[in-house]
Protein chains: 2
Amino acid sequence: MTESTAQELARGVLSGDVRRASRLMRLIDDQAPVATEALKLLFPKTGRAWIIGVTGSPGAGKSTLTDRLITAFRAQGKTVGVIAVDPTSPFTGGAILGDRIRMQGHATDPGVFIRSLATRGNLGGLSRATGDCLRVMDAMGRDVIIVETVGVGQDEIDIAQLAHTTVVVLVPGMGDDIQAIKAGILEVADVFVVNKADLDGADRVVRELRANLELRHAIKAPPLDHDAHHRMVLAKAEGKAVEVPAGPPEWEPPIQKVISAKGTGVDELLGAIERHQRFLVDTGEKATREQTRAMTQFLTLLRDRLLRAGLERLERERGNLSDVARRIAERRADPYALADELAGEPAVGNSKG
Amino acid sequence: MTESTAQELARGVLSGDVRRASRLMRLIDDQAPVATEALKLLFPKTGRAWIIGVTGSPGAGKSTLTDRLITAFRAQGKTVGVIAVDPTSPFTGGAILGDRIRMQGHATDPGVFIRSLATRGNLGGLSRATGDCLRVMDAMGRDVIIVETVGVGQDEIDIAQLAHTTVVVLVPGMGDDIQAIKAGILEVADVFVVNKADLDGADRVVRELRANLELRHAIKAPPLDHDAHHRMVLAKAEGKAVEVPAGPPEWEPPIQKVISAKGTGVDELLGAIERHQRFLVDTGEKATREQTRAMTQFLTLLRDRLLRAGLERLERERGNLSDVARRIAERRADPYALADELAGEPAVGNSKG
């Protein structure tokens, strides 16, 4: 039954059936086993779409920009998928970004498929769900998939790295914290957009970006080979300190001024994205990114599965998680020893599970 | 050797030795095994500190507010620890928030211990590191520990939930996206601060918050018992959809207007925090939070250990992670089946590892 439903879902998605695709995405969101089965069936059929990440500070006007990009790609006759990753909570439900885009007139266009993903649970479940939903839109045959995220926090940076081309959107006149936040996403940028470029300070932002890029050139480590690149991703997954290379070493991220509200600079932005696409294909860097994305997605998937299995083992061997938590809170159980034990590592030191 | 070093570190921390504590935090950041050993030794000695989370939108003036709180607690003769969680990347190094606070004149006060934690790797490693560093400052005997985070993204929300009292800082006149971002942190707020209250629109923010709180009252689910609460945390860890309860059901989060730059409203804020502290103790809600925190921290810890063990098994059985990623990228390996296999679940469906 499940099996046949998974095949039904997969067939529907492959035939571009939007209803079935939406249903599968909901099942992915709910962690339904049938979703995994369907994804297994779809996986071999994926890898065709060009994935563009649009990320940036809050209030940078990402949704309006995404809307402009959709219109531009549609004008080229390309089909578009959009995944709007909302930092909203399960409580309020996450459809704000998605709705905002949807409201802007693409609702009736069958060539545009927009879905919102809300923050679901913790421990990075969001990037897993985003990766899976990307696969669904990819398998549907969408030419371009835009992933819109608020570029703050490691989750969002991980999600940005699911893209082939990451567009980082900045605006003039944000608070000081923004400096800190931008720092986290500068390295994943393939194309910079200085949005609301008619505001004061736009040129200052451009200058700051130029300076930052030159600084990076000055101190950049030698280009990484594929394995080094993958070792880095692995190190990151293990939470070790790593120097994130600034994208493909030879690519100089262009800085494009845009006024999304008026559409100014959008064609130039499209040109920059297409240049980056050609660059990735011509240099073979695309393959590296595919492998990095495969690794990131696999690590996220693996972590989720391992946790679920580990918790089942905990329940069997140590009883109810609530009781274990209570014992830990009362300092009657040692979380570190317990974790080592469940991970199959010998509990060392004078510690009690 | 390692053992004795762990004991050295633990002894140093327990005697309040700042140098040893800093060293242990660096070792935690580097995932050094000796750090885990030291944490095991310290764990039974923790649980005394009052942990205050300060979180909010970028540009909300959290650092200035934190600085004011430090001064106020010091005036009460309390020792203070501060963990500034920076969304900066390993590349630029993460000390911006911490430095900003440190610069504000507490550098010479031995009663104030400030450390920055940069975003380290992905898959939620940051909240694990934050939890461990909290434990170190707790074991040092700090009366109050302030954790400052940018309240965007699930990582930050998880970190906010490490606190006994979570202060959510908002400011007037932020962009639309802020609405979406605020939504994610509204539910974890025990106290709201409307900062920069001398700016236009401060009253509007207060009204919006009141309306949101009333709305929540209207649709709030019945109070959760401990186990239900824990089931919710577990569901979150597994990435399932859950309704996050708005803190202790009976507690009505006060909304405090503050002008950090001038210190206006800071005493009132302190009063609100102390009222919340008494509330948690008197209602026994403190115990629930301790257990929730214990569970969250344990799940994060467990996930890290499981991933490391799983990757070692992968290397043994399937070879180099880079090669596996290459096979996945070339659609010659199925990441879903592989993850199931490594998690010890039978690989179902017509899938090839």
# chains A, B, ... in the order shown; residues from 1 in each chain; ligands from 1
$ residues_around --residues "Ile159 in chain B" --least-positions-apart "5" --cutoff "9 Å" --atoms "only C-alpha atoms" --output "JSON list (two decimals) with N, CA, C and O atoms, in the first residue's frame"
[["chain", "number", "residue", "atom", "x", "y", "z"],
["B", 53, "GLY", "N", 18.48, 34.62, 28.56],
["B", 53, "GLY", "CA", 18.72, 34.75, 27.12],
["B", 53, "GLY", "C", 18.31, 36.14, 26.66],
["B", 53, "GLY", "O", 17.25, 36.62, 27.04],
["B", 126, "LEU", "N", 26.48, 24.75, 16.97],
["B", 126, "LEU", "CA", 26.57, 25.98, 17.78],
["B", 126, "LEU", "C", 25.81, 25.83, 19.09],
["B", 126, "LEU", "O", 26.30, 26.20, 20.16],
["B", 127, "SER", "N", 24.59, 25.27, 19.05],
["B", 127, "SER", "CA", 23.82, 25.20, 20.29],
["B", 127, "SER", "C", 24.47, 24.20, 21.26],
["B", 127, "SER", "O", 24.41, 24.40, 22.46],
["B", 128, "ARG", "N", 25.11, 23.15, 20.71],
["B", 128, "ARG", "CA", 25.82, 22.23, 21.60],
["B", 128, "ARG", "C", 26.94, 22.98, 22.32],
["B", 128, "ARG", "O", 27.04, 22.96, 23.55],
["B", 130, "THR", "N", 27.29, 26.12, 22.82],
["B", 130, "THR", "CA", 26.75, 27.11, 23.75],
["B", 130, "THR", "C", 26.33, 26.45, 25.06],
["B", 130, "THR", "O", 26.66, 26.93, 26.14],
["B", 131, "GLY", "N", 25.64, 25.30, 24.94],
["B", 131, "GLY", "CA", 25.22, 24.58, 26.13],
["B", 131, "GLY", "C", 26.41, 24.17, 26.99],
["B", 131, "GLY", "O", 26.40, 24.33, 28.22],
["B", 147, "VAL", "N", 23.08, 34.95, 27.82],
["B", 147, "VAL", "CA", 23.40, 34.43, 26.49],
["B", 147, "VAL", "C", 22.77, 35.36, 25.47],
["B", 147, "VAL", "O", 21.55, 35.52, 25.44],
["B", 149, "THR", "N", 22.01, 36.27, 21.63],
["B", 149, "THR", "CA", 21.97, 35.73, 20.27],
["B", 149, "THR", "C", 21.13, 36.63, 19.37],
["B", 149, "THR", "O", 20.25, 37.35, 19.85],
["B", 154, "GLN", "N", 16.40, 28.80, 13.45],
["B", 154, "GLN", "CA", 16.04, 27.85, 14.49],
["B", 154, "GLN", "C", 17.17, 27.67, 15.50],
["B", 154, "GLN", "O", 16.93, 27.56, 16.70]]
$ residues_around --residues "range 266-272 of chain B" --least-positions-apart "3" --cutoff "10 Å" --atoms "only C-alpha atoms" --output "VMD selection string"
chain B and resid 65 68 to 69 72 to 73 165 167 190 to 193 253 to 260 262 to 263 275 to 278
$ residues_around --residues "range 293-308 of chain A" --least-positions-apart "2" --cutoff "8 Å" --atoms "only C-alpha atoms" --output "PyMOL selection string"
(chain A and resi 124-125+127-128+131+161-163+230+233+237+289-291+310-312) or (chain B and resi 123+238+302-303+306-307+310+321-322+325-326+328-329+335-336+339-340+342-343)
$ write_last_selection --atoms "N, CA, C and O atoms" --output "short mmCIF file (atom, residue, chain, number, x, y, z; two decimals), in the first residue's frame"
data_model
loop_
_atom_site.label_atom_id
_atom_site.label_comp_id
_atom_site.auth_asym_id
_atom_site.auth_seq_id
_atom_site.Cartn_x
_atom_site.Cartn_y
_atom_site.Cartn_z
N GLY A 124 18.41 21.31 12.76
CA GLY A 124 18.65 21.42 11.32
C GLY A 124 17.66 20.70 10.43
O GLY A 124 17.92 20.48 9.25
N GLY A 125 16.51 20.30 10.98
CA GLY A 125 15.52 19.59 10.16
C GLY A 125 15.11 20.40 8.94
O GLY A 125 14.72 19.84 7.92
N SER A 127 16.95 22.28 6.84
CA SER A 127 17.77 22.14 5.63
C SER A 127 17.53 20.78 4.98
O SER A 127 17.57 20.66 3.76
N ARG A 128 17.22 19.77 5.81
CA ARG A 128 16.89 18.46 5.23
C ARG A 128 15.62 18.58 4.39
O ARG A 128 15.58 18.21 3.22
N GLY A 131 16.21 20.45 1.20
CA GLY A 131 16.89 19.61 0.21
C GLY A 131 15.94 18.64 -0.45
O GLY A 131 15.94 18.47 -1.68
N GLN A 161 23.89 27.03 0.66
CA GLN A 161 24.89 26.20 -0.01
C GLN A 161 24.27 25.03 -0.77
O GLN A 161 24.98 24.25 -1.40
N LEU A 162 22.94 24.91 -0.72
CA LEU A 162 22.28 23.91 -1.56
C LEU A 162 22.19 24.40 -3.01
O LEU A 162 21.87 23.65 -3.91
N ALA A 163 22.46 25.69 -3.23
CA ALA A 163 22.26 26.29 -4.55
C ALA A 163 23.50 26.17 -5.43
O ALA A 163 24.61 26.01 -4.94
N HIS A 230 35.92 18.62 0.27
CA HIS A 230 35.00 17.71 0.96
C HIS A 230 35.43 17.51 2.40
O HIS A 230 34.59 17.44 3.29
N VAL A 233 33.88 20.26 4.23
CA VAL A 233 32.46 20.07 4.51
C VAL A 233 32.28 19.10 5.67
O VAL A 233 31.50 19.33 6.59
N ALA A 237 30.60 19.62 9.31
CA ALA A 237 29.52 18.77 9.83
C ALA A 237 29.84 18.32 11.25
O ALA A 237 28.96 18.16 12.08
N ARG A 289 30.40 21.27 -6.95
CA ARG A 289 29.26 21.76 -6.14
C ARG A 289 28.22 20.67 -5.98
O ARG A 289 27.66 20.50 -4.90
N GLU A 290 27.97 19.92 -7.07
CA GLU A 290 27.00 18.83 -6.98
C GLU A 290 27.43 17.87 -5.88
O GLU A 290 26.62 17.41 -5.07
N GLN A 291 28.74 17.61 -5.83
CA GLN A 291 29.25 16.66 -4.84
C GLN A 291 29.16 17.24 -3.44
O GLN A 291 28.79 16.55 -2.48
N GLY A 310 18.84 6.24 17.40
CA GLY A 310 19.45 6.36 18.73
C GLY A 310 18.40 6.55 19.81
O GLY A 310 18.51 5.97 20.89
N LEU A 311 17.37 7.33 19.49
CA LEU A 311 16.32 7.58 20.49
C LEU A 311 15.49 6.33 20.73
O LEU A 311 15.08 6.05 21.86
N GLU A 312 15.28 5.54 19.65
CA GLU A 312 14.54 4.27 19.85
C GLU A 312 15.34 3.37 20.78
O GLU A 312 14.81 2.78 21.71
N LEU B 123 24.78 21.86 11.09
CA LEU B 123 24.08 20.82 11.82
C LEU B 123 23.99 21.16 13.32
O LEU B 123 24.16 20.29 14.17
N GLU B 238 12.80 15.65 16.21
CA GLU B 238 12.63 14.78 15.04
C GLU B 238 12.10 15.55 13.84
O GLU B 238 11.79 14.99 12.80
N LEU B 302 23.76 14.00 21.75
CA LEU B 302 23.58 12.66 21.20
C LEU B 302 23.72 12.70 19.68
O LEU B 302 24.41 11.88 19.08
N ARG B 303 23.10 13.71 19.06
CA ARG B 303 23.13 13.80 17.61
C ARG B 303 24.56 13.96 17.10
O ARG B 303 24.97 13.28 16.15
N LEU B 306 26.39 10.59 17.57
CA LEU B 306 25.90 9.57 16.63
C LEU B 306 26.44 9.84 15.23
O LEU B 306 26.87 8.92 14.53
N LEU B 307 26.46 11.12 14.83
CA LEU B 307 26.94 11.46 13.49
C LEU B 307 28.41 11.06 13.36
O LEU B 307 28.80 10.43 12.38
N GLY B 310 28.58 7.37 13.10
CA GLY B 310 28.04 6.92 11.82
C GLY B 310 29.01 7.16 10.67
O GLY B 310 29.17 6.32 9.78
N LEU B 321 34.30 9.40 2.41
CA LEU B 321 33.06 10.17 2.28
C LEU B 321 33.01 10.94 0.95
O LEU B 321 31.96 11.04 0.32
N SER B 322 34.16 11.43 0.50
CA SER B 322 34.18 12.16 -0.78
C SER B 322 33.72 11.26 -1.92
O SER B 322 32.93 11.68 -2.77
N ALA B 325 30.04 10.73 -1.70
CA ALA B 325 29.34 11.93 -2.17
C ALA B 325 29.38 11.98 -3.70
O ALA B 325 28.38 12.31 -4.34
N ARG B 326 30.53 11.61 -4.29
CA ARG B 326 30.65 11.62 -5.75
C ARG B 326 29.64 10.64 -6.34
O ARG B 326 28.89 10.98 -7.26
N ILE B 328 26.89 9.61 -5.02
CA ILE B 328 25.53 10.14 -4.84
C ILE B 328 25.26 11.21 -5.90
O ILE B 328 24.23 11.19 -6.57
N ALA B 329 26.22 12.13 -6.07
CA ALA B 329 26.04 13.22 -7.03
C ALA B 329 25.82 12.67 -8.44
O ALA B 329 25.06 13.22 -9.22
N PRO B 335 21.30 8.08 -1.35
CA PRO B 335 21.59 8.60 0.00
C PRO B 335 20.58 8.13 1.04
O PRO B 335 20.94 7.88 2.19
N TYR B 336 19.31 7.97 0.61
CA TYR B 336 18.27 7.57 1.56
C TYR B 336 18.51 6.15 2.06
O TYR B 336 18.48 5.88 3.26
N ALA B 339 21.61 6.07 4.30
CA ALA B 339 21.36 6.60 5.65
C ALA B 339 20.60 5.58 6.49
O ALA B 339 20.96 5.32 7.64
N ASP B 340 19.58 4.95 5.88
CA ASP B 340 18.83 3.93 6.60
C ASP B 340 19.77 2.81 7.05
O ASP B 340 19.74 2.36 8.19
N LEU B 342 23.05 2.83 7.56
CA LEU B 342 23.99 3.22 8.62
C LEU B 342 23.27 3.42 9.95
O LEU B 342 23.84 3.25 11.01
N ALA B 343 21.97 3.76 9.87
CA ALA B 343 21.19 3.93 11.10
C ALA B 343 20.70 2.57 11.60
O ALA B 343 19.93 2.50 12.55
#
$ atom_distance --atom1 "CA of Val85 in chain B" --atom2 "CA of Cys133 in chain B"
10.9 Å
$ closest_residue --among "A:Glu187, A:Glu317, A:Asp17, A:Glu250" --to "chain B" --atoms "only C-alpha atoms"
A:Glu187
$ closest_residue --among "B:Ala84, B:Val112, B:Met137, B:Ala309" --to "chain A" --atoms "only C-alpha atoms"
B:Ala309
$ atom_distance --atom1 "CA of Gly47 in chain A" --atom2 "CA of Leu24 in chain A"
18.3 Å
$ atom_distance --atom1 "CA of Asp200 in chain A" --atom2 "CA of Ala60 in chain B"
21.0 Å
$ closest_residue --among "B:Ala261, B:Ala21, B:Ile145, B:Ala337" --to "chain A" --atoms "only C-alpha atoms"
B:Ala337
$ closest_residue --among "A:Ala189, A:Val34, A:Leu14, A:Leu41" --to "Ile273 in chain A" --atoms "only C-alpha atoms"
A:Ala189
$ closest_residue --among "A:Gly16, A:Gly81, A:Pro44, A:Pro33" --to "Arg332 in chain B" --atoms "only C-alpha atoms"
A:Pro44
